[in-house]
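Report on the structure given below.
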Amino acid sequence: MLKTSVGKSGLFNKISIHKNDGTASFPLKAKGIFASDSYQTKYGGYSDLSNPYSMLVKSEITKGKGKGKAQYSIEFVPQIVLLSYKNKDGSLDLKKVKEYLTQNKQLKNPEIICEKLLKNTILEFPYTSTNGELGKVRLAITGISGHGLTCINQTEPIFDQKHTAIVKKISTILGTNAPAGKKIDLTQYENVTGDLKKNKLTITREETADLFDYITTKIYTKPAFEGIPSIGGTLLKLHDFLEAFKVIPTTITQLHILSTMITLIQSKSVQGNSLRILDQSLPNSIGIIAPSSVLKPGTKIIQTSISGFYEKVLFTVPEE
């Protein structure tokens, strides 16, 4: 087991494949990793190796206009592989790691800049929004997906007093701030097409439309949110659907949409959300932040303390 900033990690991902599935990469029960050709159908297995931490690697670009120039990328090497590359004193045999990066990641002349980046390491890069405002995007590395990373946003949205009050009412009505496991019955509101009342709370259609307009014009246009890879572009388009939002028949559906819109930019893992009720052209699933593993010039790699009060810049990707 390996301790990280988010706990412990084993050699394999926790998700196991059913014995009849046949897609397991590694056995759940066997004397050795490749002990039997029939282990998948007999016992099942794990889908993939775990990657408890990552590395910052410098290498050469091999294709395109930048061929021969340096690039910096976040690379994951499975824990079980790293264990086999340990020297007697516990240090990593960097020569073997470089060979792995060359053979398995197709990196040319890899050079390890930062040997161990724990999960939740911060990536911070500058971004200029479409309205000309300069800011920065902050993401925390949580894993890897395909040829990119998976991250969570690290900038919480700040609402003004008026719209904070509306957000609180929505949370109370939908029960998003209710204790875990407590189910909120919303069936009584399914046919409400006007102002929605719950106990002493009332939320009007004017308030829902105003909040939609505020989020899409004042929050989503901030560089910290517009610049979020893989979802920022979609967020920016949502203001085009204000009129479609206004004519949604039931108020409770509007509240669910607004709740989803807020969730998308909060500092937590978000995935599988859909806003297609506004328009079929919108993605069926939105929320996964998946930037490229190759870092842009100016990107800072930041290590934070457990408390979050202290930060240390480990490396800044140089400009070209």
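A note on labels: chains of the structure tokens are A, B, ... as shown, every chain counts residues from 1, and ligands are counted from 1 in their shown order.
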
If you count only C-alpha atoms, which residues fall within 10 Å of region 261-269 of chain A, apart from same-chain ones fewer than 5 positions away, as an mmCIF file with C-alpha atoms, in the first residue's frame?
data_model
loop_
_atom_site.group_PDB
_atom_site.id
_atom_site.type_symbol
_atom_site.label_atom_id
_atom_site.label_comp_id
_atom_site.auth_asym_id
_atom_site.auth_seq_id
_atom_site.Cartn_x
_atom_site.Cartn_y
_atom_site.Cartn_z
ATOM 1 C CA LEU A 139 -7.225 22.190 -11.079
ATOM 2 C CA ALA A 140 -6.298 19.283 -8.803
ATOM 3 C CA THR A 142 -7.127 13.091 -9.431
ATOM 4 C CA THR A 150 -8.802 13.764 -14.760
ATOM 5 C CA CYS A 151 -9.054 16.752 -12.449
ATOM 6 C CA ILE A 152 -11.402 18.659 -10.180
ATOM 7 C CA ASN A 153 -11.876 22.412 -10.191
ATOM 8 C CA GLN A 154 -10.245 24.249 -7.272
ATOM 9 C CA THR A 155 -11.986 27.622 -7.540
ATOM 10 C CA GLU A 156 -15.296 27.971 -5.735
ATOM 11 C CA PRO A 157 -17.863 30.314 -7.341
ATOM 12 C CA VAL A 167 -29.214 29.444 -4.311
ATOM 13 C CA PHE A 212 -29.832 31.472 -14.857
ATOM 14 C CA ILE A 215 -24.706 32.361 -13.651
ATOM 15 C CA THR A 216 -24.205 32.379 -17.419
ATOM 16 C CA ILE A 219 -19.990 33.462 -13.194
ATOM 17 C CA TYR A 220 -19.287 31.284 -16.226
ATOM 18 C CA ALA A 224 -11.391 30.455 -13.668
ATOM 19 C CA PHE A 225 -14.505 28.758 -15.089
ATOM 20 C CA GLU A 226 -14.471 29.613 -18.793
ATOM 21 C CA ILE A 228 -11.773 24.793 -17.443
ATOM 22 C CA ILE A 231 -16.391 21.884 -20.023
ATOM 23 C CA GLY A 232 -15.628 25.624 -20.170
ATOM 24 C CA LEU A 235 -20.664 26.547 -20.008
ATOM 25 C CA LEU A 238 -25.507 28.153 -22.022
ATOM 26 C CA LEU A 255 -34.463 24.151 -10.082
ATOM 27 C CA HIS A 256 -32.813 20.863 -11.033
ATOM 28 C CA SER A 274 -26.944 16.325 -18.486
ATOM 29 C CA LEU A 275 -28.481 19.635 -19.580
ATOM 30 C CA ILE A 286 -20.946 16.876 -18.864
ATOM 31 C CA GLY A 287 -18.782 17.351 -15.806
ATOM 32 C CA ILE A 288 -15.579 15.351 -16.277
ATOM 33 C CA ILE A 289 -12.595 17.708 -16.405
#

Using only C-alpha atoms, which protein or nucleic acid residues come within 8 Å of Val313 (chain A)? Drop anything in the same chain fewer than 3 positions from it, and give the result as a PDB file with C-alpha atoms, in the first residue's frame.
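Dumped everything to selection15.pdb:
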ATOM      1  CA  LYS A 300       2.567  26.018 -12.354  1.00  0.00           C
ATOM      2  CA  ILE A 301       2.721  22.727 -10.466  1.00  0.00           C
ATOM      3  CA  ILE A 302       1.850  23.444  -6.852  1.00  0.00           C
ATOM      4  CA  GLN A 303       2.059  21.270  -3.769  1.00  0.00           C
ATOM      5  CA  THR A 316       6.731  26.332 -13.724  1.00  0.00           C
TER       6      THR A 316
END

Write down as a PDB file with C-alpha atoms, in the first residue's frame the residues of region 86-160 of chain A whose backbone DSSP state falls under strand (DSSP E).
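The new file result-v7.pdb reads:
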ATOM      1  CA  LYS A 108      11.554  10.657 -26.849  1.00  0.00           C
ATOM      2  CA  ASN A 109      14.542  11.301 -24.556  1.00  0.00           C
ATOM      3  CA  PRO A 110      12.437  11.531 -21.365  1.00  0.00           C
ATOM      4  CA  GLU A 111      13.882  13.384 -18.385  1.00  0.00           C
ATOM      5  CA  ILE A 112      12.170  13.145 -14.996  1.00  0.00           C
ATOM      6  CA  ILE A 113      11.721  16.630 -13.514  1.00  0.00           C
ATOM      7  CA  CYS A 114       9.530  15.769 -10.504  1.00  0.00           C
ATOM      8  CA  GLU A 115       9.684  12.146  -9.412  1.00  0.00           C
ATOM      9  CA  LYS A 116       6.524  12.044  -7.284  1.00  0.00           C
ATOM     10  CA  LEU A 117       3.412  14.195  -7.626  1.00  0.00           C
ATOM     11  CA  LEU A 118       0.732  13.073  -5.200  1.00  0.00           C
ATOM     12  CA  ILE A 122      -2.477  21.599  -8.202  1.00  0.00           C
ATOM     13  CA  LEU A 123      -2.105  22.668 -11.831  1.00  0.00           C
ATOM     14  CA  GLU A 124      -2.468  26.433 -12.228  1.00  0.00           C
ATOM     15  CA  PHE A 125      -2.330  28.174 -15.582  1.00  0.00           C
ATOM     16  CA  PRO A 126      -3.191  31.663 -16.867  1.00  0.00           C
ATOM     17  CA  TYR A 127      -6.288  32.195 -18.998  1.00  0.00           C
ATOM     18  CA  THR A 128      -7.747  35.231 -20.727  1.00  0.00           C
ATOM     19  CA  LEU A 134      -7.046  37.853 -17.318  1.00  0.00           C
ATOM     20  CA  GLY A 135      -7.184  35.240 -14.587  1.00  0.00           C
ATOM     21  CA  LYS A 136      -6.074  31.747 -13.740  1.00  0.00           C
ATOM     22  CA  VAL A 137      -7.496  28.242 -13.735  1.00  0.00           C
ATOM     23  CA  ARG A 138      -6.692  25.944 -10.803  1.00  0.00           C
ATOM     24  CA  LEU A 139      -7.225  22.190 -11.079  1.00  0.00           C
ATOM     25  CA  ALA A 140      -6.298  19.283  -8.803  1.00  0.00           C
ATOM     26  CA  ILE A 141      -5.002  16.078 -10.411  1.00  0.00           C
ATOM     27  CA  THR A 142      -7.127  13.091  -9.431  1.00  0.00           C
ATOM     28  CA  GLY A 143      -6.154  10.481 -12.018  1.00  0.00           C
ATOM     29  CA  ILE A 144      -5.736   9.641 -15.672  1.00  0.00           C
ATOM     30  CA  SER A 145      -8.210   9.017 -18.474  1.00  0.00           C
ATOM     31  CA  GLY A 148      -5.268  12.967 -20.627  1.00  0.00           C
ATOM     32  CA  LEU A 149      -5.725  13.678 -16.947  1.00  0.00           C
ATOM     33  CA  THR A 150      -8.802  13.764 -14.760  1.00  0.00           C
ATOM     34  CA  CYS A 151      -9.054  16.752 -12.449  1.00  0.00           C
ATOM     35  CA  ILE A 152     -11.402  18.659 -10.180  1.00  0.00           C
ATOM     36  CA  ASN A 153     -11.876  22.412 -10.191  1.00  0.00           C
TER      37      ASN A 153
END

Min atom-atom distance to Thr234 (chain A) from the set A:Ser285, A:Asn199, A:Thr121, A:Asn191, counting only C-alpha atoms, belongs to A:Ser285

List the neighbours of region 203-208 of chain A out to 8 Å using only C-alpha atoms; skip same-chain residues closer than 4 positions along the sequence, and give me the result as an MDAnalysis selection string.
-> chainID A and resid 166 169:170 194:197 212 246 251 254:255 258

Please measure the separation of CA of Asp213 (chain A) and CA of Thr172 (chain A), giving the value in Å to one decimal.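 Here the two named atoms are 21.0 Å from each other.
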
**Item:** Of the listed residues A:Lys86, A:Tyr189, A:Gly233, A:Ile80, that which approaches Thr253 (chain A) most closely, counting only C-alpha atoms
**Value:**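 Among A:Lys86, A:Tyr189, A:Gly233, A:Ile80, it is A:Tyr189 that comes nearest to Thr253 (chain A).
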
Near Pro318 (chain A), counting only C-alpha atoms, which residues have an atom at most 12 Å away, once you skip same-chain residues fewer than 6 positions from it, shown as number ranges by chain? A: 58, 69-72, 125, 295-301

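Here CA of Ala290 (chain A) stands at a distance of 23.1 Å from CA of His239 (chain A).
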
May I have the residues within 12 Å of Gln188 (chain A) as a short mmCIF file (atom, residue, chain, number, x, y, z; two decimals) with C-alpha atoms, in the first residue's frame, using only C-alpha atoms and disregarding those fewer than 2 positions away in the same chain?
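Contents of result26.cif, freshly written:
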data_model
loop_
_atom_site.label_atom_id
_atom_site.label_comp_id
_atom_site.auth_asym_id
_atom_site.auth_seq_id
_atom_site.Cartn_x
_atom_site.Cartn_y
_atom_site.Cartn_z
CA ILE A 173 -36.22 22.84 -1.62
CA ILE A 184 -36.56 14.25 -0.20
CA ASP A 185 -40.03 13.71 -1.71
CA LEU A 186 -40.51 16.17 -4.57
CA GLU A 190 -44.06 17.88 -10.40
CA ASN A 191 -47.00 19.85 -11.85
CA VAL A 192 -46.21 23.28 -10.41
CA THR A 193 -45.84 25.70 -13.34
CA LEU A 196 -43.06 27.14 -6.06
CA LYS A 197 -43.74 27.13 -2.34
CA LYS A 198 -42.32 24.82 0.30
CA THR A 250 -42.40 23.01 -14.44
CA THR A 251 -40.51 25.10 -11.91
CA ILE A 252 -39.00 22.05 -10.20
#
